[in-house]
Amino acid sequence: VPVGEISAGQLAGLVAGRHFPLCMSVMYERLASEHHLKHWGLQQFSLFLKSIGLPLEQALLFFRQQFAPRTPGDKFNKEYAYNVRYNYGQEGKRQDWSEWSCVKIINQEVGGACAGAGECNGGCPYKTYSAEQLRAALSRLNCNDKVIREVVDKARGKHYQLACGLAFEGITGSPQETGINKPSEYYASSIELATQ
Ligand code: SF4
């Protein structure tokens, strides 16, 4: 289990190891099947990958590979690489942008968290998924059934971050003590458990 800097080649294993929060694991899967993310999805996901230790060159490699063959490499370089480089502070204001907080992800209007078919535009699935979609997504992650019911109740009550913390417990078998305010906190807690 990697700690610190990660490479593009490790991402599939991290998703399969269930170390990503649901917002990011569904985005990863949808990107793999659609070979595209909408603008805000790409922003949300690339800033998350940056925050968990994926360097810029590896991020460009990963997204270029994933966007192919739908987007050829030269088109990717022209139309999408700027956004990724911008997020890493290499374009525009050259600001070292942070990952989006859960509150920002939850409140963004344009997201849909892959709730509909087709390309994903980011968002928090605990907010945007139907109860049925949530149950199916958590079952695929082998989340404990009793916990899935509790997660769905929390999500119905609009307690999205608490739902995410409970899902962590249902998936890993251990409580997430600190609360989840950023997607990288879910990842860090999961990696910490796996390396204990
Ligand atoms: Fe992602 Fe945060 Fe929603 Fe969890 S609560 S799925 S980390 S946005």
# chains A, B, ... in the order shown; residues from 1 in each chain; ligands from 1
call {"tool": "select_by_dssp", "arguments": {"residues": "segment 60-178 of chain A", "states": "helix (DSSP H, G or I)", "output": "VMD selection string"}}
result
chain A and resid 60 to 67 73 to 79 81 to 87 102 to 107 125 to 128 131 to 140 145 to 156 160 to 172
call {"tool": "closest_atom_pairs", "arguments": {"of": "chain A", "to": "ligand 1", "cutoff": "7 Å", "atoms": "only C-alpha atoms and all ligand atoms", "output": "JSON lines"}}
result
{"residue": "A:Pro21", "atom": "CA", "partner": "ligand 1", "partner_atom_place_in_ligand_line": "7 (S)", "distance": 5.1}
{"residue": "A:Leu22", "atom": "CA", "partner": "ligand 1", "partner_atom_place_in_ligand_line": "6 (S)", "distance": 4.7}
{"residue": "A:Cys23", "atom": "CA", "partner": "ligand 1", "partner_atom_place_in_ligand_line": "6 (S)", "distance": 4.2}
{"residue": "A:Met24", "atom": "CA", "partner": "ligand 1", "partner_atom_place_in_ligand_line": "1 (Fe)", "distance": 6.6}
{"residue": "A:Ser101", "atom": "CA", "partner": "ligand 1", "partner_atom_place_in_ligand_line": "2 (Fe)", "distance": 7.0}
{"residue": "A:Cys102", "atom": "CA", "partner": "ligand 1", "partner_atom_place_in_ligand_line": "2 (Fe)", "distance": 3.9}
{"residue": "A:Ile105", "atom": "CA", "partner": "ligand 1", "partner_atom_place_in_ligand_line": "8 (S)", "distance": 5.3}
{"residue": "A:Ile106", "atom": "CA", "partner": "ligand 1", "partner_atom_place_in_ligand_line": "8 (S)", "distance": 5.9}
{"residue": "A:Gly123", "atom": "CA", "partner": "ligand 1", "partner_atom_place_in_ligand_line": "8 (S)", "distance": 6.5}
{"residue": "A:Cys124", "atom": "CA", "partner": "ligand 1", "partner_atom_place_in_ligand_line": "3 (Fe)", "distance": 4.1}
{"residue": "A:Pro125", "atom": "CA", "partner": "ligand 1", "partner_atom_place_in_ligand_line": "6 (S)", "distance": 5.8}
{"residue": "A:Tyr126", "atom": "CA", "partner": "ligand 1", "partner_atom_place_in_ligand_line": "3 (Fe)", "distance": 5.9}
{"residue": "A:Tyr160", "atom": "CA", "partner": "ligand 1", "partner_atom_place_in_ligand_line": "5 (S)", "distance": 5.4}
{"residue": "A:Gln161", "atom": "CA", "partner": "ligand 1", "partner_atom_place_in_ligand_line": "5 (S)", "distance": 3.9}
{"residue": "A:Cys164", "atom": "CA", "partner": "ligand 1", "partner_atom_place_in_ligand_line": "4 (Fe)", "distance": 4.6}
{"residue": "A:Ile180", "atom": "CA", "partner": "ligand 1", "partner_atom_place_in_ligand_line": "7 (S)", "distance": 6.4}
{"residue": "A:Asn181", "atom": "CA", "partner": "ligand 1", "partner_atom_place_in_ligand_line": "2 (Fe)", "distance": 6.3}
{"residue": "A:Lys182", "atom": "CA", "partner": "ligand 1", "partner_atom_place_in_ligand_line": "7 (S)", "distance": 5.6}
{"residue": "A:Pro183", "atom": "CA", "partner": "ligand 1", "partner_atom_place_in_ligand_line": "7 (S)", "distance": 3.6}
{"residue": "A:Tyr186", "atom": "CA", "partner": "ligand 1", "partner_atom_place_in_ligand_line": "7 (S)", "distance": 6.2}
call {"tool": "closest_residue", "arguments": {"among": "A:Trp100, A:Glu132, A:Arg64, A:Gly89", "to": "Leu49 of chain A", "atoms": "only C-alpha atoms"}}
result
A:Trp100
call {"tool": "closest_residue", "arguments": {"among": "A:Gln196, A:Thr128, A:Gln133, A:Ser33", "to": "Val110 of chain A", "atoms": "only C-alpha atoms"}}
result
A:Thr128
call {"tool": "residues_around", "arguments": {"residues": "Gly165 of chain A", "least_positions_apart": "3", "cutoff": "6 Å", "atoms": "only C-alpha atoms", "output": "PyMOL selection string"}}
result
chain A and resi 162+168+176
call {"tool": "write_last_selection", "arguments": {"atoms": "N, CA and C atoms", "output": "JSON list (two decimals), in the first residue's frame"}}
result
[["chain", "number", "residue", "atom", "x", "y", "z"],
["A", 162, "LEU", "N", -21.51, 12.37, 7.24],
["A", 162, "LEU", "CA", -21.66, 11.29, 8.23],
["A", 162, "LEU", "C", -21.94, 9.97, 7.50],
["A", 168, "PHE", "N", -17.33, 4.20, 5.35],
["A", 168, "PHE", "CA", -15.93, 3.82, 5.62],
["A", 168, "PHE", "C", -15.90, 2.65, 6.60],
["A", 176, "GLN", "N", -14.23, 5.41, 11.39],
["A", 176, "GLN", "CA", -13.41, 6.54, 10.95],
["A", 176, "GLN", "C", -13.60, 7.61, 12.01]]
call {"tool": "closest_residue", "arguments": {"among": "A:Asp74, A:Glu29, A:Glu150, A:Glu5", "to": "Leu56 of chain A", "atoms": "only C-alpha atoms"}}
result
A:Glu5
call {"tool": "residues_around", "arguments": {"residues": "Ile148 of chain A", "least_positions_apart": "6", "cutoff": "8 Å", "atoms": "only C-alpha atoms", "output": "number ranges by chain"}}
result
A: 135, 138-139, 167, 170
call {"tool": "atom_distance", "arguments": {"atom1": "atom CA of Ala155 of chain A", "atom2": "atom CA of Ser189 of chain A"}}
result
21.0 Å
call {"tool": "residues_around", "arguments": {"residues": "Ile6 of chain A", "least_positions_apart": "4", "cutoff": "9 Å", "atoms": "only C-alpha atoms", "output": "number ranges by chain"}}
result
A: 2, 10-11, 52-55, 58
call {"tool": "write_last_selection", "arguments": {"atoms": "C-alpha atoms", "output": "PDB file, in the first residue's frame"}}
result
ATOM      1  CA  PRO A   2       1.626   3.241  -1.085  1.00  0.00           C
ATOM      2  CA  GLN A  10      -0.983   2.496  -8.809  1.00  0.00           C
ATOM      3  CA  LEU A  11      -4.396   4.141  -9.150  1.00  0.00           C
ATOM      4  CA  ILE A  52      -3.076  12.177  -2.383  1.00  0.00           C
ATOM      5  CA  GLY A  53       0.372  12.455  -3.921  1.00  0.00           C
ATOM      6  CA  LEU A  54       0.095  12.043  -7.695  1.00  0.00           C
ATOM      7  CA  PRO A  55       2.720  14.313  -9.315  1.00  0.00           C
ATOM      8  CA  GLN A  58       1.845  11.258 -13.677  1.00  0.00           C
TER       9      GLN A  58
END
call {"tool": "residues_around", "arguments": {"residues": "Glu169 of chain A", "least_positions_apart": "5", "cutoff": "10 Å", "atoms": "only C-alpha atoms", "output": "list in words"}}
result
Cys143, Asn144, Val147, Ala163, Cys164, Ser174, Pro175, Gln176, Glu177 and Ser190 of chain A
